[in-house]
$ cat start_13.cif   # mmCIF, C-alpha atoms
data_protein
#
loop_
_atom_site.label_atom_id
_atom_site.label_comp_id
_atom_site.auth_asym_id
_atom_site.auth_seq_id
_atom_site.Cartn_x
_atom_site.Cartn_y
_atom_site.Cartn_z
CA CYS A 236 0.00 0.00 0.00
CA SER A 237 1.07 3.59 -0.46
CA MET A 238 0.02 6.90 1.01
CA ALA A 239 -0.14 8.17 -2.57
CA LEU A 240 -3.26 5.99 -3.07
CA ARG A 241 -5.25 7.84 -0.42
CA LYS A 242 -7.49 10.80 -1.13
CA CYS A 243 -5.19 13.77 -1.52
CA PRO A 244 -5.98 17.53 -1.49
CA ALA A 245 -3.14 18.19 -3.96
CA LEU A 246 -5.21 20.45 -6.24
CA HIS A 247 -5.84 22.75 -3.28
CA GLY A 248 -2.08 22.84 -2.74
CA TRP A 249 -1.29 23.65 -6.37
CA MET A 250 -3.84 26.45 -6.40
CA GLY A 251 -2.29 27.89 -3.25
CA LEU A 252 1.18 27.59 -4.72
CA ASN A 253 0.15 29.66 -7.73
CA THR A 254 -0.99 32.52 -5.50
CA ALA A 255 1.66 32.32 -2.76
CA ARG A 256 3.27 35.68 -2.04
CA ASN A 257 5.92 34.68 0.50
CA TRP A 258 7.68 31.73 2.14
CA ASP A 259 4.93 31.10 4.68
CA GLU A 260 2.19 30.93 2.06
CA PHE A 261 4.42 28.79 -0.16
CA SER A 262 5.05 26.35 2.70
CA GLU A 263 1.39 26.20 3.65
CA ALA A 264 0.39 25.37 0.07
CA LEU A 265 2.90 22.52 -0.14
CA ARG A 266 1.42 21.00 3.01
CA TYR A 267 -1.52 19.82 0.89
CA ILE A 268 0.57 18.19 -1.85
CA GLU A 269 0.69 14.80 -0.14
CA ALA A 270 1.59 13.01 -3.38
CA PRO A 271 3.75 12.83 -5.34
CA GLN A 272 6.93 13.54 -3.43
CA LEU A 273 8.68 16.44 -5.11
CA ASN A 274 11.72 18.63 -4.53
CA VAL A 275 10.32 22.17 -4.68
CA ALA A 276 12.57 25.23 -4.70
CA TYR A 277 11.60 28.74 -3.61
CA ALA A 278 12.93 32.22 -4.34
CA ASP A 279 11.43 35.70 -4.11
CA GLY A 280 12.20 39.27 -5.06
CA GLU A 281 13.43 40.09 -1.56
CA GLY A 282 16.39 37.75 -1.89
CA ASN A 283 15.02 34.82 0.09
CA ILE A 284 15.57 31.22 -1.05
CA GLY A 285 14.09 28.00 0.27
CA TYR A 286 13.35 24.34 -0.33
CA ARG A 287 10.72 21.84 0.74
CA LEU A 288 10.08 18.16 0.11
CA THR A 289 6.42 17.37 -0.47
CA GLY A 290 4.58 14.13 0.31
CA LYS A 291 3.25 12.06 3.16
CA VAL A 292 5.65 9.54 4.73
CA PRO A 293 4.39 6.82 7.09
CA VAL A 294 5.90 6.05 10.47
CA ARG A 295 5.99 2.28 11.00
CA GLN A 296 5.84 0.28 14.19
CA ASN A 297 8.66 -1.93 12.92
CA GLY A 298 10.80 -2.00 9.80
CA ASP A 299 11.14 0.71 7.20
CA GLY A 300 9.14 -0.69 4.30
CA SER A 301 12.14 -1.39 2.10
CA VAL A 302 11.55 -5.17 2.16
CA PRO A 303 8.38 -7.31 2.36
CA ALA A 304 7.03 -7.86 5.87
CA PRO A 305 4.30 -10.16 7.25
CA GLY A 306 1.07 -8.22 7.01
CA TRP A 307 -0.97 -10.59 9.16
CA THR A 308 0.82 -10.07 12.48
CA GLY A 309 0.09 -6.39 13.04
CA GLU A 310 3.73 -5.81 13.96
CA TYR A 311 4.53 -3.69 10.93
CA GLU A 312 1.51 -1.42 10.76
CA TRP A 313 1.65 2.32 10.20
CA VAL A 314 1.38 4.16 13.47
CA GLY A 315 1.44 7.71 12.16
CA GLU A 316 2.93 10.10 9.64
CA VAL A 317 6.09 12.18 9.61
CA PRO A 318 4.94 15.63 10.77
CA TYR A 319 5.06 18.23 8.01
CA GLY A 320 7.40 20.39 10.04
CA GLU A 321 9.91 17.53 10.23
CA MET A 322 10.01 16.89 6.48
CA PRO A 323 13.25 18.14 4.88
CA HIS A 324 13.19 21.88 4.27
CA ALA A 325 15.51 24.87 4.25
CA PHE A 326 15.10 28.64 4.29
CA ASN A 327 17.98 31.03 3.63
CA PRO A 328 20.71 28.48 4.45
CA GLU A 329 24.06 29.78 5.63
CA GLN A 330 25.91 28.76 2.45
CA GLY A 331 23.65 31.04 0.40
CA TYR A 332 22.47 28.49 -2.14
CA ILE A 333 20.36 25.34 -2.44
CA VAL A 334 21.17 22.42 -4.75
CA SER A 335 18.61 19.76 -5.62
CA CYS A 336 19.50 17.02 -8.11
CA ASN A 337 17.40 14.11 -6.82
CA HIS A 338 20.36 13.18 -4.63
CA ARG A 339 20.28 12.33 -0.93
CA ILE A 340 19.09 15.40 0.95
CA VAL A 341 19.33 14.29 4.60
CA ASP A 342 22.20 13.26 6.85
CA ASP A 343 22.56 9.96 8.68
CA ASP A 344 21.14 11.50 11.84
CA TYR A 345 17.80 12.40 10.20
CA PRO A 346 15.24 10.54 12.35
CA HIS A 347 12.85 9.34 9.62
CA PHE A 348 13.30 6.85 6.77
CA LEU A 349 12.74 8.49 3.38
CA GLY A 350 14.00 5.64 1.21
CA ASN A 351 17.42 4.71 -0.08
CA ALA A 352 17.08 5.01 -3.86
CA TRP A 353 18.49 8.49 -4.29
CA MET A 354 20.30 9.35 -7.49
CA ASN A 355 24.05 9.54 -6.98
CA GLY A 356 25.40 12.92 -5.98
CA PHE A 357 27.76 13.64 -8.88
CA ARG A 358 25.58 16.34 -10.45
CA ALA A 359 25.01 18.03 -7.10
CA ARG A 360 28.71 17.93 -6.29
CA ARG A 361 29.60 19.56 -9.60
CA LEU A 362 27.08 22.36 -9.01
CA VAL A 363 28.40 22.96 -5.49
CA ASP A 364 31.96 23.17 -6.86
CA GLN A 365 30.90 25.84 -9.35
CA LEU A 366 28.85 27.82 -6.85
CA GLU A 367 31.65 27.78 -4.28
CA SER A 368 34.15 29.02 -6.86
CA LYS A 369 32.34 32.35 -7.28
CA GLU A 370 31.42 35.16 -4.92
CA LYS A 371 28.46 36.13 -7.10
CA CYS A 372 26.83 34.46 -10.09
CA SER A 373 25.36 36.18 -13.14
CA LEU A 374 22.64 35.02 -15.52
CA ASP A 375 25.37 33.86 -17.90
CA ASP A 376 27.00 31.85 -15.10
CA PHE A 377 23.76 29.98 -14.44
CA CYS A 378 23.27 29.35 -18.15
CA ARG A 379 26.75 27.82 -18.30
CA MET A 380 25.98 25.69 -15.25
CA GLN A 381 22.87 24.28 -16.87
CA MET A 382 24.94 23.27 -19.90
CA ASP A 383 27.88 21.89 -17.91
CA LEU A 384 29.14 18.60 -19.39
CA THR A 385 31.86 17.79 -16.83
CA CYS A 386 31.60 14.09 -15.99
CA LEU A 387 32.89 13.61 -12.44
CA PRO A 388 32.48 9.80 -12.37
CA GLY A 389 34.31 9.64 -15.71
CA GLN A 390 37.26 11.43 -14.15
CA ALA A 391 37.09 9.11 -11.13
CA PHE A 392 36.96 6.11 -13.47
CA ILE A 393 40.21 7.13 -15.16
CA ASP A 394 41.83 7.61 -11.75
CA ALA A 395 40.68 4.11 -10.78
CA LEU A 396 42.62 2.67 -13.74
CA GLU A 397 45.89 4.03 -12.29
CA GLY A 398 48.68 1.45 -12.54
CA PHE A 399 47.01 -0.66 -15.23
CA SER A 400 48.83 -1.46 -18.46
CA SER A 401 48.25 -4.04 -21.17
CA SER A 402 50.54 -6.23 -23.26
CA ASN A 403 47.94 -6.03 -26.03
CA PRO A 404 48.98 -3.05 -28.21
CA ASP A 405 45.40 -2.25 -29.27
CA VAL A 406 44.16 -2.26 -25.69
CA GLN A 407 47.06 -0.09 -24.55
CA VAL A 408 46.45 2.47 -27.31
CA THR A 409 42.77 2.62 -26.36
CA LEU A 410 43.71 3.04 -22.70
CA ASP A 411 46.10 5.87 -23.58
CA ARG A 412 43.33 7.63 -25.53
CA LEU A 413 41.01 7.26 -22.58
CA ARG A 414 43.56 8.71 -20.17
CA LEU A 415 43.95 11.79 -22.39
CA TRP A 416 40.25 12.61 -22.03
CA ASN A 417 39.61 15.89 -20.23
CA GLY A 418 36.37 14.73 -18.60
CA GLN A 419 34.14 16.90 -20.82
CA LEU A 420 31.37 14.73 -22.22
CA THR A 421 30.72 16.72 -25.39
CA ALA A 422 28.98 15.19 -28.39
CA ASN A 423 32.26 15.06 -30.33
CA SER A 424 34.32 13.58 -27.49
CA VAL A 425 36.24 10.41 -28.38
CA GLY A 426 37.55 9.92 -24.85
CA GLY A 427 34.05 10.34 -23.46
CA CYS A 428 32.75 7.72 -25.86
CA LEU A 429 35.50 5.30 -24.79
CA TYR A 430 34.61 5.90 -21.15
CA GLU A 431 30.88 5.25 -21.63
CA VAL A 432 31.29 2.07 -23.67
CA THR A 433 34.10 0.70 -21.48
CA ARG A 434 32.11 1.48 -18.32
CA TYR A 435 29.08 -0.33 -19.74
CA PHE A 436 31.00 -3.50 -20.56
CA MET A 437 32.90 -3.37 -17.28
CA VAL A 438 29.66 -3.41 -15.29
CA ARG A 439 28.43 -6.33 -17.40
CA ASN A 440 31.72 -8.22 -16.98
CA LEU A 441 31.49 -7.65 -13.24
CA LEU A 442 27.90 -8.80 -12.78
CA GLU A 443 27.17 -11.43 -15.41
CA PRO A 444 29.44 -14.18 -13.99
CA ALA A 445 27.60 -13.89 -10.67
CA VAL A 446 23.96 -13.21 -11.56
CA GLY A 447 23.61 -13.87 -15.30
CA PRO A 448 22.66 -11.49 -18.14
CA ASP A 449 18.96 -11.06 -17.27
CA LEU A 450 19.51 -9.90 -13.70
CA THR A 451 22.40 -7.76 -14.91
CA ASP A 452 19.98 -5.95 -17.24
CA GLN A 453 17.68 -5.31 -14.30
CA TRP A 454 20.48 -4.10 -12.07
CA MET A 455 21.62 -1.68 -14.78
CA GLY A 456 18.18 -0.07 -14.76
CA GLN A 457 16.24 -1.73 -17.56
CA ALA A 458 13.29 -2.66 -15.30
CA PHE A 459 10.81 -5.35 -16.33
CA HIS A 460 9.26 -3.20 -19.05
CA PRO A 461 10.65 -0.16 -20.93
CA ALA A 462 7.83 2.01 -19.56
CA LEU A 463 8.88 1.19 -15.99
CA TYR A 464 12.57 2.05 -16.15
CA PRO A 465 12.07 5.51 -14.54
CA ALA A 466 10.75 3.65 -11.49
CA SER A 467 13.79 1.37 -11.31
CA GLU A 468 15.63 2.05 -8.09
CA PHE A 469 18.83 0.74 -9.66
CA TYR A 470 18.92 3.34 -12.44
CA GLY A 471 22.05 5.49 -12.20
CA HIS A 472 23.73 3.45 -9.45
CA ASP A 473 25.78 1.04 -11.55
CA THR A 474 28.55 3.62 -12.03
CA THR A 475 28.78 4.34 -8.30
CA ALA A 476 28.99 0.63 -7.50
CA LEU A 477 31.63 0.07 -10.18
CA LEU A 478 33.88 2.80 -8.82
CA ARG A 479 33.52 1.40 -5.31
CA VAL A 480 34.54 -2.08 -6.52
CA LEU A 481 37.49 -0.84 -8.61
CA ASN A 482 38.91 0.92 -5.56
CA ASP A 483 38.53 -2.13 -3.28
CA PRO A 484 41.30 -4.68 -3.92
CA ASP A 485 39.57 -7.16 -1.59
CA SER A 486 36.21 -6.98 -3.38
CA TRP A 487 34.49 -10.33 -3.88
CA TRP A 488 33.00 -8.98 -7.11
CA LEU A 489 36.48 -8.34 -8.52
CA ALA A 490 37.64 -11.82 -7.57
CA GLN A 491 34.73 -13.64 -9.18
CA ALA A 492 35.21 -11.57 -12.38
CA GLY A 493 38.81 -12.84 -12.70
CA GLY A 494 40.57 -10.05 -10.84
CA ARG A 495 41.09 -6.35 -11.43
CA HIS A 496 43.55 -6.69 -14.34
CA SER A 497 41.41 -9.20 -16.19
CA LEU A 498 38.26 -7.10 -15.68
CA ILE A 499 39.85 -3.95 -17.08
CA GLU A 500 41.55 -5.76 -19.98
CA ASN A 501 38.43 -7.64 -21.08
CA SER A 502 36.24 -4.55 -20.77
CA LEU A 503 38.54 -2.39 -22.89
CA LYS A 504 38.72 -5.13 -25.52
CA ARG A 505 34.94 -5.57 -25.64
CA ALA A 506 34.53 -1.82 -25.92
CA MET A 507 37.01 -1.68 -28.82
CA ASP A 508 35.30 -4.54 -30.65
CA TRP A 509 31.87 -2.94 -30.22
CA LEU A 510 33.02 0.48 -31.40
CA ARG A 511 34.77 -0.96 -34.47
CA LEU A 512 31.64 -2.88 -35.37
CA HIS A 513 29.27 0.08 -34.97
CA LEU A 514 31.41 3.17 -35.71
CA GLY A 515 34.14 1.83 -37.97
CA PRO A 516 37.82 0.95 -37.62
CA GLU A 517 39.15 4.49 -37.15
CA PRO A 518 39.16 5.52 -33.45
CA GLY A 519 39.11 9.19 -34.44
CA GLY A 520 35.50 8.70 -35.50
CA TRP A 521 34.36 7.20 -32.21
CA GLU A 522 32.49 10.27 -31.04
CA TRP A 523 30.01 10.13 -28.17
CA GLY A 524 27.26 11.86 -30.13
CA MET A 525 27.36 9.16 -32.79
CA ILE A 526 25.76 6.70 -30.35
CA HIS A 527 24.24 9.10 -27.80
CA ARG A 528 21.38 10.80 -29.63
CA VAL A 529 18.26 12.69 -28.65
CA LYS A 530 14.92 12.26 -30.44
CA PHE A 531 11.73 14.30 -30.23
CA GLU A 532 8.79 11.97 -30.66
CA HIS A 533 5.29 13.16 -31.53
CA PRO A 534 2.33 11.12 -30.18
CA LEU A 535 1.24 10.49 -33.77
CA GLY A 536 4.77 9.33 -34.59
CA LEU A 537 4.60 6.33 -32.29
CA GLN A 538 3.18 4.28 -35.17
CA LYS A 539 5.18 3.52 -38.31
CA PRO A 540 5.39 4.97 -40.94
CA LEU A 541 4.12 8.17 -39.28
CA ASP A 542 7.34 8.36 -37.26
CA ARG A 543 9.12 9.60 -40.40
CA VAL A 544 6.57 12.38 -40.74
CA PHE A 545 6.12 13.69 -37.19
CA ASN A 546 9.23 12.67 -35.23
CA LEU A 547 12.41 14.76 -35.18
CA GLY A 548 15.94 13.46 -34.94
CA PRO A 549 17.99 11.70 -33.83
CA PHE A 550 20.52 14.43 -33.10
CA PRO A 551 23.99 13.96 -31.52
CA ALA A 552 23.98 15.02 -27.86
CA GLY A 553 26.54 15.50 -25.15
CA GLY A 554 26.22 14.61 -21.46
CA ASP A 555 24.89 11.53 -19.73
CA THR A 556 23.00 10.57 -16.58
CA ASP A 557 25.72 12.01 -14.32
CA THR A 558 26.38 15.43 -15.89
CA VAL A 559 24.69 18.64 -14.75
CA CYS A 560 23.38 18.97 -18.31
CA GLN A 561 21.70 15.63 -17.88
CA THR A 562 20.84 13.57 -20.93
CA GLY A 563 19.93 10.30 -19.25
CA ILE A 564 20.96 7.09 -20.99
CA ASP A 565 18.37 4.57 -22.11
CA PRO A 566 19.23 1.39 -20.15
CA SER A 567 17.92 -0.82 -22.96
CA SER A 568 19.66 0.95 -25.85
CA PRO A 569 22.16 1.31 -24.00
CA TYR A 570 23.67 4.64 -25.12
CA ASP A 571 20.84 6.68 -26.61
CA ASN A 572 19.32 9.54 -24.67
CA VAL A 573 15.93 8.79 -23.14
CA CYS A 574 15.27 11.74 -20.82
CA ALA A 575 16.53 15.27 -20.33
CA PRO A 576 15.42 18.51 -18.66
CA SER A 577 14.00 19.83 -21.92
CA PHE A 578 12.78 23.12 -20.42
CA ARG A 579 15.59 25.36 -19.25
CA GLN A 580 14.98 28.59 -17.41
CA VAL A 581 17.08 31.21 -15.63
CA VAL A 582 15.01 33.78 -13.72
CA ASP A 583 16.06 37.21 -12.47
CA LEU A 584 13.56 37.97 -9.70
CA THR A 585 14.70 41.59 -9.46
CA ASP A 586 13.71 42.15 -13.10
CA LEU A 587 11.64 39.36 -14.63
CA SER A 588 12.01 40.88 -18.10
CA ARG A 589 15.69 39.84 -18.05
CA SER A 590 14.83 36.17 -17.51
CA LEU A 591 15.76 33.53 -20.07
CA ALA A 592 14.22 30.26 -21.21
CA MET A 593 14.43 27.54 -23.84
CA TYR A 594 11.97 24.77 -24.72
CA PRO A 595 12.38 22.55 -27.81
CA PRO A 596 11.46 21.41 -30.37
CA GLY A 597 9.48 24.55 -31.31
CA GLN A 598 6.70 26.89 -30.27
CA SER A 599 4.20 25.27 -32.64
CA GLY A 600 2.86 21.74 -32.63
CA GLN A 601 1.54 22.12 -36.15
CA LEU A 602 3.45 20.06 -38.71
CA GLY A 603 4.68 22.31 -41.49
CA SER A 604 4.95 25.41 -39.35
CA PRO A 605 8.42 27.05 -39.41
CA HIS A 606 8.19 26.96 -35.60
CA TYR A 607 7.59 23.21 -35.41
CA ASP A 608 11.28 22.45 -34.91
CA ASP A 609 13.21 25.75 -34.96
CA LEU A 610 14.27 25.56 -31.30
CA ILE A 611 16.09 22.22 -31.52
CA GLU A 612 19.41 23.62 -32.72
CA PRO A 613 19.59 26.43 -30.13
CA TRP A 614 18.57 23.94 -27.42
CA LEU A 615 21.39 21.61 -28.42
CA LYS A 616 23.84 24.53 -28.45
CA GLY A 617 22.79 25.74 -25.01
CA GLU A 618 21.29 28.98 -26.26
CA TYR A 619 18.36 30.80 -24.65
CA HIS A 620 15.67 33.23 -25.71
CA PRO A 621 14.23 36.08 -23.62
CA MET A 622 11.31 35.04 -21.43
CA LEU A 623 8.88 37.70 -22.68
CA TRP A 624 7.27 39.14 -19.56
CA THR A 625 6.05 42.68 -20.15
CA ARG A 626 3.38 43.75 -22.63
CA GLN A 627 6.00 45.85 -24.40
CA GLN A 628 8.23 42.80 -24.87
CA VAL A 629 5.36 40.71 -26.22
CA ASP A 630 4.20 43.41 -28.66
CA ALA A 631 7.74 44.02 -29.89
CA ASN A 632 8.32 40.32 -30.61
CA ALA A 633 4.87 39.26 -31.80
CA GLU A 634 5.00 37.73 -35.26
CA ALA A 635 1.25 37.24 -35.71
CA ARG A 636 -2.02 37.25 -33.81
CA LEU A 637 -4.42 34.33 -33.61
CA ARG A 638 -7.97 35.59 -33.20
CA LEU A 639 -10.61 33.10 -32.05
CA VAL A 640 -14.16 34.15 -32.98
CA PRO A 641 -16.99 32.01 -31.57
#
$ encode --input "start_13.cif" --output "structure tokens"
Amino acid sequence: CSMALRKCPALHGWMGLNTARNWDEFSEALRYIEAPQLNVAYADGEGNIGYRLTGKVPVRQNGDGSVPAPGWTGEYEWVGEVPYGEMPHAFNPEQGYIVSCNHRIVDDDYPHFLGNAWMNGFRARRLVDQLESKEKCSLDDFCRMQMDLTCLPGQAFIDALEGFSSSNPDVQVTLDRLRLWNGQLTANSVGGCLYEVTRYFMVRNLLEPAVGPDLTDQWMGQAFHPALYPASEFYGHDTTALLRVLNDPDSWWLAQAGGRHSLIENSLKRAMDWLRLHLGPEPGGWEWGMIHRVKFEHPLGLQKPLDRVFNLGPFPAGGDTDTVCQTGIDPSSPYDNVCAPSFRQVVDLTDLSRSLAMYPPGQSGQLGSPHYDDLIEPWLKGEYHPMLWTRQQVDANAEARLRLVP
């Protein structure tokens, strides 16, 4: 059972959120959004910032709900709810910023169990590094942050290969190329492509001897049906687990996979073979965007042959699941992009007319319109357009008027 299945006054909360004028009214509105659980950020024109986690969380007599429990004994019943005031929240924190990337938001001493399937903290860590490096941030700074393609786990992966060398000349050349990578996961990155494909095969080489290919697929986030992968609690954690194993010489997982040297050697070789088969024999053409592509699918394009008419793409894309500019990898593909924060927005609350936004593929959903797909290229490039706010801005940029006459 789930608290999300109970009657929920969420609509009342959303209405209140749309009319909230300050932190107190914002917080009171979120009280009614009992499901789903959302990370909700707050900022106002007076310089205040805040954060709240929505949702109802049960308090259990025993256990934490993470594993099945006997429901017939009465020993594991709900005995209450986490009080709203004790749900994670922050208002004007001392550090002067709030970062929310679906990562773990509470410390070990937090008294209530909120689950254990957080996304890893690489994106959050990268944002904190950038925020801490500046005294003040401009609109341009925030735009650059949203498009940041620095892959922290990729850099940690290369560090974890320290001391490894191969007697196989091809493997050694590939390893040398990988070590030259600067950690920027751009669409044209060869080193980034080598990292992603090698990482994928290394996880498979680590898991398959122990649990077989089917369970390995599940553990890597495929879920039992493609539509359910976003609900997979394993999604995004294979990289974290791999780094932990590579840095543990006594790991049982390393031993059963033939040892650290064998794991790295076999993974690099499988990656090379796969890339030659799919991208050709020349390593200079092994670019990340050749296998990591974004598509814009129209509801009418879900059926062939209409996909060729309505759908757009694929287009080469940079980033992955662990970059700030997140272009999450499809676990069943396994390199294509399957999700991304398509809408980007940077807001100046002191002057809303200076705010920026971007939302692909275009302003029009009408096939044949010049605005059906004209925002894809600027979206891929990390460009923004003004978020027209004042009547003067709208009138100055209006291209046409649509008049509806009953």
$ atom_distance --input "start_13.cif" --atom1 "CA of Ser368 in chain A" --atom2 "CA of Ala476 in chain A"
28.9 Å
$ residues_near_point --input "start_13.cif" --point "(31.4, 18.6, -21.6)" --cutoff "12 Å" --atoms "only C-alpha atoms" --output "compact mmCIF listing (two decimals) with C-alpha atoms, in the coordinates of the input"
# COMPACT_ATOMS: atom_id res chain seq x y z
CA ARG A 379 26.75 27.82 -18.30
CA MET A 380 25.98 25.69 -15.25
CA GLN A 381 22.87 24.28 -16.87
CA MET A 382 24.94 23.27 -19.90
CA ASP A 383 27.88 21.89 -17.91
CA LEU A 384 29.14 18.60 -19.39
CA THR A 385 31.86 17.79 -16.83
CA CYS A 386 31.60 14.09 -15.99
CA LEU A 387 32.89 13.61 -12.44
CA GLY A 389 34.31 9.64 -15.71
CA GLN A 390 37.26 11.43 -14.15
CA TRP A 416 40.25 12.61 -22.03
CA ASN A 417 39.61 15.89 -20.23
CA GLY A 418 36.37 14.73 -18.60
CA GLN A 419 34.14 16.90 -20.82
CA LEU A 420 31.37 14.73 -22.22
CA THR A 421 30.72 16.72 -25.39
CA ALA A 422 28.98 15.19 -28.39
CA ASN A 423 32.26 15.06 -30.33
CA SER A 424 34.32 13.58 -27.49
CA VAL A 425 36.24 10.41 -28.38
CA GLY A 426 37.55 9.92 -24.85
CA GLY A 427 34.05 10.34 -23.46
CA CYS A 428 32.75 7.72 -25.86
CA TRP A 523 30.01 10.13 -28.17
CA GLY A 524 27.26 11.86 -30.13
CA ALA A 552 23.98 15.02 -27.86
CA GLY A 553 26.54 15.50 -25.15
CA GLY A 554 26.22 14.61 -21.46
CA ASP A 555 24.89 11.53 -19.73
CA ASP A 557 25.72 12.01 -14.32
CA THR A 558 26.38 15.43 -15.89
CA VAL A 559 24.69 18.64 -14.75
CA CYS A 560 23.38 18.97 -18.31
CA GLN A 561 21.70 15.63 -17.88
CA THR A 562 20.84 13.57 -20.93
CA LYS A 616 23.84 24.53 -28.45
CA GLY A 617 22.79 25.74 -25.01
$ closest_residue --input "start_13.cif" --among "A:Gly248, A:Gly493, A:Gly300, A:Pro346" --to "Leu265 in chain A" --atoms "all atoms listed in the file"
A:Gly248
$ resolve_selection --input "start_13.cif" --expression "the PyMOL selection byres ((chain A and resi 356) around 9)" --output "ChimeraX atom specification"
/A:336-339,353-355,357-361,557
$ resolve_selection --input "start_13.cif" --expression "the PyMOL selection byres ((chain A and resi 495-511) around 6)" --output "list in words"
Val432, Thr433, Phe436, Met437, Leu489, Gly493, Gly494, Leu512, His513, Leu514, Gly515 and Pro516 of chain A
$ resolve_selection --input "start_13.cif" --expression "the PyMOL selection byres ((chain A and resi 290-294) around 9)" --output "MDAnalysis selection string"
chainID A and resid 237:239 265:273 288:289 295:297 299 312:319 322 347:349
$ residues_around --input "start_13.cif" --residues "Gly251 in chain A" --least-positions-apart "5" --cutoff "9 Å" --atoms "all atoms listed in the file" --output "list in words"
Leu246, Glu260, Phe261, Glu263, Ala264 and Leu265 of chain A
$ residues_around --input "start_13.cif" --residues "Gly548 in chain A" --least-positions-apart "5" --cutoff "9 Å" --atoms "all atoms listed in the file" --output "PyMOL selection string"
chain A and resi 528-532
$ atom_distance --input "start_13.cif" --atom1 "CA of His324 in chain A" --atom2 "CA of Asp279 in chain A"
16.3 Å
$ closest_residue --input "start_13.cif" --among "A:Tyr570, A:Trp258, A:Phe545, A:Trp624" --to "Pro596 in chain A" --atoms "only C-alpha atoms"
A:Phe545
$ atom_distance --input "start_13.cif" --atom1 "CA of Asp343 in chain A" --atom2 "CA of Thr474 in chain A"
22.5 Å
$ residues_around --input "start_13.cif" --residues "range 563-569 of chain A" --least-positions-apart "2" --cutoff "9 Å" --atoms "only C-alpha atoms" --output "PyMOL selection string"
chain A and resi 435+452+455-458+461+464+470-471+527+554-558+561+571-575
$ closest_residue --input "start_13.cif" --among "A:Gln627, A:Ile611, A:Trp249, A:Gly603" --to "Ser588 in chain A" --atoms "all atoms listed in the file"
A:Gln627
$ residues_around --input "start_13.cif" --residues "Val446 in chain A" --least-positions-apart "6" --cutoff "12 Å" --atoms "all atoms listed in the file" --output "ChimeraX atom specification"
/A:438-440,452-454,488,491-492
$ residues_around --input "start_13.cif" --residues "Pro323 in chain A" --least-positions-apart "3" --cutoff "8 Å" --atoms "all atoms listed in the file" --output "PDB file with C-alpha atoms, in the frame of the given file"
ATOM      1  CA  ARG A 287      10.720  21.840   0.740  1.00  0.00           C
ATOM      2  CA  LEU A 288      10.080  18.160   0.110  1.00  0.00           C
ATOM      3  CA  ILE A 340      19.090  15.400   0.950  1.00  0.00           C
ATOM      4  CA  VAL A 341      19.330  14.290   4.600  1.00  0.00           C
TER       5      VAL A 341
END
$ closest_residue --input "start_13.cif" --among "A:Glu517, A:Asp259, A:Asp344, A:Glu431" --to "Phe326 in chain A" --atoms "only C-alpha atoms"
A:Asp259
